[in-house]
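Below: model_38.cif (mmCIF, C-alpha atoms and all ligand atoms)
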data_model
loop_
_atom_site.label_atom_id
_atom_site.label_comp_id
_atom_site.auth_asym_id
_atom_site.auth_seq_id
_atom_site.Cartn_x
_atom_site.Cartn_y
_atom_site.Cartn_z
CA MET E 1 -202.42 -100.81 2.33
CA ILE E 2 -204.67 -103.28 4.11
CA HIS E 3 -202.87 -106.55 4.79
CA LEU E 4 -204.29 -109.94 3.91
CA GLY E 5 -203.79 -112.75 6.41
CA VAL E 6 -204.68 -116.15 5.01
CA ASN E 7 -206.00 -118.64 7.53
CA ILE E 8 -204.79 -122.09 6.41
CA ASP E 9 -206.55 -124.20 9.07
CA HIS E 10 -208.76 -125.88 6.46
CA VAL E 11 -205.71 -127.31 4.71
CA SER E 12 -204.89 -129.12 7.95
CA THR E 13 -208.51 -130.17 8.38
CA LEU E 14 -208.30 -132.04 5.09
CA ARG E 15 -205.10 -133.74 6.20
CA GLN E 16 -206.54 -134.71 9.58
CA VAL E 17 -209.62 -136.32 8.00
CA ARG E 18 -207.26 -139.09 6.89
CA GLU E 19 -204.67 -138.60 9.63
CA ALA E 20 -202.31 -138.39 6.67
CA ARG E 21 -199.27 -136.28 5.75
CA GLU E 22 -200.93 -134.22 3.08
CA PRO E 23 -202.02 -131.63 2.29
CA ASP E 24 -199.33 -129.97 4.38
CA PRO E 25 -200.22 -126.52 5.77
CA VAL E 26 -196.53 -125.66 5.62
CA TRP E 27 -196.64 -125.93 1.83
CA ALA E 28 -199.87 -123.96 1.79
CA ALA E 29 -198.25 -121.18 3.79
CA ALA E 30 -195.36 -121.00 1.34
CA VAL E 31 -197.72 -120.77 -1.67
CA CYS E 32 -199.79 -118.07 0.08
CA GLU E 33 -196.66 -116.05 0.77
CA LEU E 34 -195.33 -116.49 -2.77
CA SER E 35 -198.72 -115.25 -3.99
CA GLY E 36 -198.45 -112.09 -1.92
CA ALA E 37 -200.22 -112.84 1.39
CA HIS E 38 -198.98 -110.56 4.15
CA ASN E 39 -199.72 -112.92 7.04
CA ILE E 40 -200.20 -116.60 7.66
CA THR E 41 -202.84 -117.32 10.28
CA VAL E 42 -203.38 -120.59 12.12
CA HIS E 43 -205.55 -121.55 15.08
CA LEU E 44 -204.02 -124.12 17.42
CA ARG E 45 -207.12 -125.52 19.07
CA GLU E 46 -207.12 -127.41 22.34
CA ASP E 47 -208.64 -130.44 20.58
CA ARG E 48 -206.03 -130.24 17.75
CA ARG E 49 -208.73 -130.82 15.17
CA HIS E 50 -206.66 -129.21 12.42
CA ILE E 51 -203.38 -127.43 13.14
CA GLN E 52 -200.90 -129.61 15.06
CA ASP E 53 -198.02 -128.57 17.30
CA ARG E 54 -195.62 -129.74 14.59
CA ASP E 55 -197.24 -127.36 12.08
CA LEU E 56 -196.76 -124.39 14.34
CA GLU E 57 -193.14 -125.32 15.07
CA ILE E 58 -192.27 -125.63 11.38
CA LEU E 59 -194.28 -122.55 10.35
CA LYS E 60 -192.38 -120.49 12.88
CA LYS E 61 -189.17 -121.48 11.07
CA THR E 62 -190.45 -121.17 7.50
CA VAL E 63 -192.90 -118.26 7.39
CA ARG E 64 -191.17 -115.23 5.96
CA SER E 65 -194.05 -112.77 6.28
CA ARG E 66 -195.78 -112.78 9.65
CA LEU E 67 -197.18 -115.68 11.61
CA ASN E 68 -200.45 -114.92 13.41
CA LEU E 69 -201.54 -117.53 15.96
CA GLU E 70 -205.18 -117.63 17.00
CA MET E 71 -205.59 -119.28 20.38
CA ALA E 72 -207.75 -119.55 23.45
CA SER E 73 -206.43 -117.94 26.59
CA ILE E 74 -205.66 -121.21 28.38
CA PRO E 75 -202.43 -122.27 30.13
CA SER E 76 -201.56 -125.27 27.92
CA ILE E 77 -201.73 -123.26 24.68
CA LEU E 78 -200.17 -120.17 26.22
CA LYS E 79 -197.14 -122.27 27.18
CA ILE E 80 -196.71 -123.31 23.54
CA ALA E 81 -197.17 -119.75 22.27
CA LEU E 82 -194.50 -118.47 24.65
CA GLN E 83 -192.09 -121.17 23.45
CA ILE E 84 -192.75 -120.77 19.73
CA LYS E 85 -193.10 -116.97 19.76
CA PRO E 86 -195.22 -116.26 16.66
CA ASP E 87 -195.14 -112.67 15.46
CA GLN E 88 -198.71 -112.09 16.55
CA VAL E 89 -201.32 -113.75 18.75
CA THR E 90 -205.05 -113.16 18.44
CA LEU E 91 -206.89 -114.43 21.50
CA VAL E 92 -210.22 -116.02 20.60
CA PRO E 93 -213.00 -117.78 22.51
CA GLU E 94 -213.05 -121.52 21.96
CA LYS E 95 -215.75 -124.09 22.56
CA ARG E 96 -215.24 -127.78 21.89
CA GLU E 97 -218.60 -128.27 20.24
CA GLU E 98 -218.35 -125.34 17.80
CA LEU E 99 -217.67 -125.82 14.09
CA THR E 100 -215.68 -122.61 13.95
CA THR E 101 -215.11 -119.61 16.21
CA GLU E 102 -218.65 -118.43 16.80
CA GLY E 103 -218.22 -114.91 18.07
CA GLY E 104 -215.98 -112.47 19.84
CA LEU E 105 -214.57 -112.72 23.35
CA ASP E 106 -216.55 -111.53 26.34
CA VAL E 107 -213.69 -109.28 27.42
CA GLU E 108 -215.57 -107.81 30.37
CA ARG E 109 -216.18 -111.22 31.90
CA HIS E 110 -212.66 -112.56 31.37
CA LYS E 111 -210.83 -109.27 31.70
CA ASN E 112 -208.34 -110.31 34.38
CA SER E 113 -207.26 -113.55 32.75
CA LEU E 114 -207.08 -111.93 29.30
CA GLN E 115 -205.02 -109.10 30.72
CA THR E 116 -202.58 -111.58 32.26
CA THR E 117 -202.27 -113.57 29.02
CA LEU E 118 -201.79 -110.42 26.92
CA LYS E 119 -199.05 -109.23 29.27
CA LYS E 120 -197.18 -112.54 29.16
CA LEU E 121 -197.29 -112.61 25.36
CA GLN E 122 -196.26 -108.99 24.98
CA ALA E 123 -193.41 -109.47 27.47
CA VAL E 124 -191.68 -111.83 25.01
CA GLY E 125 -192.22 -109.48 22.06
CA ILE E 126 -195.39 -110.96 20.57
CA ALA E 127 -197.98 -108.46 19.28
CA ALA E 128 -201.09 -109.56 21.16
CA GLY E 129 -204.72 -108.60 20.72
CA LEU E 130 -208.31 -109.73 21.09
CA PHE E 131 -211.01 -111.02 18.75
CA ILE E 132 -214.14 -109.12 19.71
CA GLU E 133 -217.62 -108.22 18.56
CA PRO E 134 -217.99 -104.77 16.98
CA ASN E 135 -219.37 -103.28 20.15
CA LEU E 136 -218.28 -100.02 21.75
CA HIS E 137 -218.09 -101.46 25.25
CA GLN E 138 -215.94 -104.40 24.13
CA VAL E 139 -213.55 -101.93 22.52
CA GLU E 140 -213.26 -99.94 25.73
CA VAL E 141 -212.61 -103.01 27.87
CA SER E 142 -210.12 -104.39 25.34
CA GLN E 143 -208.08 -101.24 25.69
CA GLU E 144 -208.23 -101.51 29.49
CA ALA E 145 -207.11 -105.14 29.26
CA GLY E 146 -203.97 -104.06 27.38
CA ALA E 147 -204.68 -105.29 23.85
CA GLN E 148 -202.44 -103.85 21.12
CA PHE E 149 -205.05 -104.57 18.46
CA VAL E 150 -208.57 -105.84 18.13
CA GLU E 151 -209.86 -108.09 15.39
CA PHE E 152 -213.52 -107.33 14.84
CA HIS E 153 -215.76 -110.32 14.25
CA THR E 154 -217.39 -109.72 10.89
CA GLY E 155 -219.76 -112.71 11.18
CA ASN E 156 -222.91 -110.65 11.74
CA TYR E 157 -222.09 -108.60 8.66
CA ALA E 158 -221.27 -111.69 6.59
CA ASN E 159 -224.33 -113.66 7.66
CA ALA E 160 -226.88 -110.82 7.72
CA ALA E 161 -230.25 -112.02 6.45
CA THR E 162 -231.21 -108.79 4.66
CA PRO E 163 -229.33 -105.89 3.04
CA LYS E 164 -230.69 -103.61 5.78
CA LYS E 165 -229.27 -105.83 8.52
CA GLN E 166 -225.99 -106.03 6.65
CA GLU E 167 -225.85 -102.25 6.42
CA GLU E 168 -226.51 -101.97 10.17
CA ALA E 169 -223.78 -104.51 10.93
CA LEU E 170 -221.39 -102.57 8.72
CA LYS E 171 -222.19 -99.30 10.49
CA LEU E 172 -221.48 -100.90 13.84
CA LEU E 173 -218.15 -102.19 12.52
CA PHE E 174 -217.25 -98.70 11.30
CA ARG E 175 -218.19 -97.02 14.59
CA SER E 176 -216.31 -99.63 16.60
CA ALA E 177 -213.23 -99.26 14.38
CA GLN E 178 -213.31 -95.51 14.85
CA LEU E 179 -213.43 -95.89 18.62
CA ALA E 180 -210.71 -98.54 18.62
CA HIS E 181 -208.44 -96.13 16.80
CA GLN E 182 -209.25 -93.36 19.29
CA TYR E 183 -208.18 -95.74 22.06
CA GLY E 184 -204.91 -96.46 20.27
CA LEU E 185 -205.85 -99.97 19.18
CA VAL E 186 -204.84 -101.26 15.75
CA VAL E 187 -207.87 -102.48 13.77
CA HIS E 188 -208.18 -105.94 12.21
CA ALA E 189 -211.27 -107.75 10.93
CA GLY E 190 -212.24 -111.27 10.00
CA HIS E 191 -214.65 -114.17 9.82
CA GLY E 192 -217.02 -115.05 7.01
CA LEU E 193 -215.38 -112.66 4.56
CA HIS E 194 -215.33 -113.73 0.92
CA TYR E 195 -214.86 -112.48 -2.63
CA LEU E 196 -218.32 -110.95 -2.82
CA ASN E 197 -218.58 -109.25 0.57
CA ILE E 198 -215.02 -107.97 1.09
CA LEU E 199 -215.28 -104.59 -0.66
CA PRO E 200 -217.51 -102.72 1.84
CA ILE E 201 -215.33 -104.00 4.71
CA LEU E 202 -212.25 -102.44 3.14
CA LYS E 203 -213.82 -99.03 3.78
CA MET E 204 -213.70 -99.61 7.52
CA PRO E 205 -211.83 -96.69 9.09
CA TYR E 206 -208.26 -97.48 10.14
CA LEU E 207 -208.48 -101.12 9.02
CA GLU E 208 -204.98 -102.61 8.78
CA GLU E 209 -205.56 -106.35 8.39
CA VAL E 210 -208.20 -108.83 7.32
CA ASN E 211 -208.00 -112.55 8.03
CA ILE E 212 -209.71 -114.86 5.57
CA GLY E 213 -209.70 -118.64 5.56
CA HIS E 214 -212.75 -120.52 4.35
CA ALA E 215 -213.38 -118.53 1.18
CA ILE E 216 -209.78 -118.66 -0.02
CA VAL E 217 -209.18 -122.35 0.69
CA SER E 218 -212.57 -123.24 -0.85
CA ARG E 219 -211.79 -121.32 -4.02
CA ALA E 220 -208.33 -122.88 -4.12
CA ILE E 221 -209.91 -126.31 -4.69
CA PHE E 222 -211.11 -125.08 -8.08
CA VAL E 223 -208.59 -122.48 -9.18
CA GLY E 224 -205.51 -123.32 -7.11
CA LEU E 225 -204.21 -121.59 -3.99
CA GLU E 226 -201.97 -119.14 -5.84
CA ARG E 227 -204.84 -117.81 -7.93
CA ALA E 228 -207.24 -117.78 -5.00
CA VAL E 229 -204.87 -115.59 -2.97
CA LYS E 230 -204.01 -113.36 -5.93
CA GLU E 231 -207.68 -112.81 -6.75
CA MET E 232 -208.42 -111.70 -3.20
CA LEU E 233 -205.40 -109.39 -3.20
CA ALA E 234 -206.49 -107.94 -6.54
CA LEU E 235 -209.95 -107.20 -5.13
CA MET E 236 -208.32 -105.55 -2.15
CA LYS E 237 -206.20 -103.41 -4.43
CA GLY E 238 -209.14 -102.70 -6.74
CA LYS E 239 -207.55 -104.46 -9.72
CA ASP E 240 -208.07 -107.59 -11.82
CA SER E 241 -205.79 -110.47 -10.87
CA ASP E 242 -204.25 -110.98 -14.37
N1 LIG E 301 -210.50 -114.54 12.33
C1 LIG E 301 -210.68 -115.37 13.38
C2 LIG E 301 -210.41 -114.85 14.75
C3 LIG E 301 -211.12 -116.69 13.19
O1 LIG E 301 -211.30 -117.50 14.25
C4 LIG E 301 -211.32 -117.15 11.87
C5 LIG E 301 -211.75 -118.57 11.64
O2 LIG E 301 -210.78 -119.43 12.11
C6 LIG E 301 -211.11 -116.27 10.82
C7 LIG E 301 -210.71 -114.96 11.07
C8 LIG E 301 -211.31 -116.68 9.39
O3 LIG E 301 -212.67 -116.91 9.17
P1 LIG E 301 -213.15 -117.55 7.80
O4 LIG E 301 -212.59 -118.95 7.75
O5 LIG E 301 -214.64 -117.52 7.91
O6 LIG E 301 -212.61 -116.70 6.70
#
Could you render the structure from this file as structure tokens?
Amino acid sequence: MIHLGVNIDHVSTLRQVREAREPDPVWAAAVCELSGAHNITVHLREDRRHIQDRDLEILKKTVRSRLNLEMASIPSILKIALQIKPDQVTLVPEKREELTTEGGLDVERHKNSLQTTLKKLQAVGIAAGLFIEPNLHQVEVSQEAGAQFVEFHTGNYANAATPKKQEEALKLLFRSAQLAHQYGLVVHAGHGLHYLNILPILKMPYLEEVNIGHAIVSRAIFVGLERAVKEMLALMKGKDSD
């Protein structure tokens, strides 16, 4: 079974717009879990634009499934991760000016620092991996850097301008997943996935986890979070949600 991680950052974004107390991502996490989500994913950004330290602290105590922290490999956030000890950390690139994570890590360029961060996280029992482009070289270097898993950036697939380009992006994802498995890396995928483009991704070889945020939280505005999560899970299981 492929696991669904729900990224609840957008719930916090809405709260931060007003610097208010609601909507609380802690409540959102509970609803997602009660609806069957296998993971709760949050990104603690250096600029704290959505998830706050308090959210992470409480989520660590309340999440009953698995807590996946997305973070940049920087000392200030690493210190927090080592204190809180989420179940899983996905290292991502982070730029202040970006609207969302814009692509995978350049593992080759930052290999030494990523390796050090991965080691520190794994030493305290956190499953730690890298968010990368579906690219054979990135897979190879991720394995050398000591990642336990890779999350493949599905943005090129999701944003492809033509069906042909989408098909090419999918093929690259499949080939990269195959290689990742050969190297002993667990395969995750995420970014830009939604109710209409998820099905082909589920055929990715060895895929164990997808992380979806924007599509689920957007749908939740109209149908409620419980139904939004259940509908995605139903698609993933090949069934209707009711
Ligand atoms: N995976 C990673 C590493 C991400 O940074 C994000 C966005 O925060 C997601 C998955 C979820 O992407 P989306 O919000 O487009 O579903």
Nearest to ligand LIG 301 (chain E) among E:Gln166, E:Thr154, E:Thr62, E:Asn211, with distances taken over only C-alpha atoms and all ligand atoms: which residue is it?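 The closest residue to ligand LIG 301 (chain E) is E:Asn211.
For the set E:Asp55, E:Phe174, E:Gln143, E:Leu179, the residue with the smallest atom-to-atom gap to Arg21 (chain E) is E:Asp55, counting all atoms listed in the file.
Interatomic distance, CA of Val89 (chain E) against CA of Ile201 (chain E): 22.1 Å.
Going from CA of Tyr195 (chain E) over to CA of Lys164 (chain E), you cover 20.0 Å.
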If the limit is 6 Å from any atom of ligand LIG 301 (chain E), counting all atoms listed in the file, which residues qualify? Return them as a compact mmCIF listing (two decimals) with C-alpha atoms, keeping the file's coordinate frame.
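Dumped to pocket_1.txt:
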# COMPACT_ATOMS: atom_id res chain seq x y z
CA ASN E 7 -206.00 -118.64 7.53
CA VAL E 92 -210.22 -116.02 20.60
CA THR E 101 -215.11 -119.61 16.21
CA PHE E 131 -211.01 -111.02 18.75
CA GLY E 190 -212.24 -111.27 10.00
CA HIS E 191 -214.65 -114.17 9.82
CA GLY E 192 -217.02 -115.05 7.01
CA LEU E 193 -215.38 -112.66 4.56
CA ASN E 211 -208.00 -112.55 8.03
CA ILE E 212 -209.71 -114.86 5.57
CA GLY E 213 -209.70 -118.64 5.56
CA HIS E 214 -212.75 -120.52 4.35
CA ALA E 215 -213.38 -118.53 1.18
Closest to Leu59 (chain E) among E:Arg227, E:Lys203, E:Lys85, E:Lys111, using only C-alpha atoms? E:Lys85
What is the distance, in Å and to one decimal place, between CA of Gly129 (chain E) and CA of Glu151 (chain E)?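 Between CA of Gly129 (chain E) and CA of Glu151 (chain E) the gap is 7.4 Å.
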Which residues come within 10 Å of Asp47 (chain E), counting only C-alpha atoms, excluding same-chain residues fewer than 5 positions away, as a PyMOL selection string? chain E and resi 52+95-96
Env of Tyr183 (chain E): 9 Å cut, atoms = all atoms listed in the file, seq-sep filter 2 positions within chain, self excluded. Answer as a compact mmCIF listing (two decimals) with C-alpha atoms, in the frame of the given file.
# COMPACT_ATOMS: atom_id res chain seq x y z
CA VAL E 139 -213.55 -101.93 22.52
CA GLU E 140 -213.26 -99.94 25.73
CA GLN E 143 -208.08 -101.24 25.69
CA GLN E 178 -213.31 -95.51 14.85
CA LEU E 179 -213.43 -95.89 18.62
CA ALA E 180 -210.71 -98.54 18.62
CA HIS E 181 -208.44 -96.13 16.80
CA LEU E 185 -205.85 -99.97 19.18
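For the residues E:Lys171, E:His43, E:Arg64, E:Arg48, ranking by smallest atom-to-atom distance to Tyr157 (chain E) using only C-alpha atoms places E:Lys171 first.
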Quick one: residues within 8 Å of region 13-20 of chain E, all atoms listed in the file counted, chain neighbours fewer than 2 positions away excluded, as an mmCIF file with C-alpha atoms, keeping the file's coordinate frame?
data_model
loop_
_atom_site.group_PDB
_atom_site.id
_atom_site.type_symbol
_atom_site.label_atom_id
_atom_site.label_comp_id
_atom_site.auth_asym_id
_atom_site.auth_seq_id
_atom_site.Cartn_x
_atom_site.Cartn_y
_atom_site.Cartn_z
ATOM 1 C CA ASP E 9 -206.550 -124.200 9.070
ATOM 2 C CA HIS E 10 -208.760 -125.880 6.460
ATOM 3 C CA VAL E 11 -205.710 -127.310 4.710
ATOM 4 C CA GLU E 22 -200.930 -134.220 3.080
ATOM 5 C CA PRO E 23 -202.020 -131.630 2.290
ATOM 6 C CA ASP E 24 -199.330 -129.970 4.380
ATOM 7 C CA ARG E 49 -208.730 -130.820 15.170
ATOM 8 C CA HIS E 50 -206.660 -129.210 12.420
ATOM 9 C CA ILE E 51 -203.380 -127.430 13.140
#
Contacts of Leu207 (chain E) within 9 Å, all atoms listed in the file, excl. fewer than 3 positions in-chain, as JSON, numbers by chain: {"E": [2, 3, 177, 186, 187, 188, 189, 201, 202, 203, 204, 210]}
Excluding Asp87 (chain E) and its own-chain neighbours fewer than 4 positions away, which residues fall within 12 Å of it when counting only C-alpha atoms? Please give them as a VMD selection string. chain E and resid 39 to 42 56 59 to 61 63 to 70 81 to 82 121 to 122 124 to 129
Assuming the input is short of atoms at region 25-36 of chain E, produce all heavy atoms for that part as a compact mmCIF listing (two decimals), in the frame of the given file.
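The file below, rebuild37.txt, is the result:
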# COMPACT_ATOMS: atom_id res chain seq x y z
N PRO E 25 -200.01 -127.96 5.63
CA PRO E 25 -200.22 -126.52 5.77
C PRO E 25 -198.94 -125.70 5.60
O PRO E 25 -198.99 -124.52 5.27
CB PRO E 25 -200.79 -126.37 7.18
CG PRO E 25 -200.39 -127.61 7.90
CD PRO E 25 -200.32 -128.69 6.88
N VAL E 26 -197.81 -126.36 5.79
CA VAL E 26 -196.53 -125.66 5.62
C VAL E 26 -196.34 -125.30 4.14
O VAL E 26 -195.90 -124.20 3.80
CB VAL E 26 -195.36 -126.51 6.16
CG1 VAL E 26 -194.03 -125.84 5.88
CG2 VAL E 26 -195.54 -126.76 7.65
N TRP E 27 -196.70 -126.23 3.27
CA TRP E 27 -196.64 -125.93 1.83
C TRP E 27 -197.64 -124.84 1.49
O TRP E 27 -197.35 -123.95 0.69
CB TRP E 27 -196.99 -127.18 1.01
CG TRP E 27 -195.99 -128.27 1.03
CD1 TRP E 27 -195.05 -128.51 1.99
CD2 TRP E 27 -195.82 -129.29 0.04
NE1 TRP E 27 -194.32 -129.62 1.67
CE2 TRP E 27 -194.77 -130.12 0.49
CE3 TRP E 27 -196.46 -129.58 -1.15
CZ2 TRP E 27 -194.35 -131.22 -0.25
CZ3 TRP E 27 -196.04 -130.68 -1.88
CH2 TRP E 27 -194.99 -131.49 -1.43
N ALA E 28 -198.83 -124.95 2.08
CA ALA E 28 -199.87 -123.96 1.79
C ALA E 28 -199.39 -122.56 2.19
O ALA E 28 -199.59 -121.59 1.45
CB ALA E 28 -201.15 -124.30 2.54
N ALA E 29 -198.74 -122.48 3.33
CA ALA E 29 -198.25 -121.18 3.79
C ALA E 29 -197.25 -120.61 2.80
O ALA E 29 -197.30 -119.41 2.46
CB ALA E 29 -197.61 -121.33 5.17
N ALA E 30 -196.38 -121.47 2.29
CA ALA E 30 -195.36 -121.00 1.34
C ALA E 30 -196.04 -120.48 0.06
O ALA E 30 -195.68 -119.42 -0.45
CB ALA E 30 -194.38 -122.12 1.01
N VAL E 31 -197.02 -121.21 -0.44
CA VAL E 31 -197.72 -120.77 -1.67
C VAL E 31 -198.44 -119.44 -1.40
O VAL E 31 -198.40 -118.53 -2.25
CB VAL E 31 -198.72 -121.86 -2.15
CG1 VAL E 31 -199.56 -121.34 -3.31
CG2 VAL E 31 -197.98 -123.12 -2.56
N CYS E 32 -199.09 -119.33 -0.25
CA CYS E 32 -199.79 -118.07 0.08
C CYS E 32 -198.80 -116.90 0.09
O CYS E 32 -199.08 -115.83 -0.46
CB CYS E 32 -200.47 -118.16 1.44
SG CYS E 32 -201.89 -119.27 1.46
N GLU E 33 -197.66 -117.13 0.71
CA GLU E 33 -196.66 -116.05 0.77
C GLU E 33 -196.13 -115.70 -0.61
O GLU E 33 -195.99 -114.53 -0.96
CB GLU E 33 -195.49 -116.47 1.66
CG GLU E 33 -195.86 -116.53 3.12
CD GLU E 33 -194.63 -116.63 4.00
OE1 GLU E 33 -193.77 -117.49 3.73
OE2 GLU E 33 -194.53 -115.84 4.95
N LEU E 34 -195.84 -116.75 -1.41
CA LEU E 34 -195.33 -116.49 -2.77
C LEU E 34 -196.37 -115.77 -3.62
O LEU E 34 -196.03 -115.08 -4.57
CB LEU E 34 -194.94 -117.82 -3.44
CG LEU E 34 -193.68 -118.48 -2.85
CD1 LEU E 34 -193.54 -119.91 -3.37
CD2 LEU E 34 -192.43 -117.67 -3.19
N SER E 35 -197.63 -115.90 -3.24
CA SER E 35 -198.72 -115.25 -3.99
C SER E 35 -199.02 -113.86 -3.45
O SER E 35 -199.92 -113.19 -3.94
CB SER E 35 -199.98 -116.11 -3.92
OG SER E 35 -199.68 -117.44 -4.25
N GLY E 36 -198.32 -113.46 -2.40
CA GLY E 36 -198.45 -112.09 -1.92
C GLY E 36 -199.15 -111.90 -0.58
O GLY E 36 -199.33 -110.76 -0.14
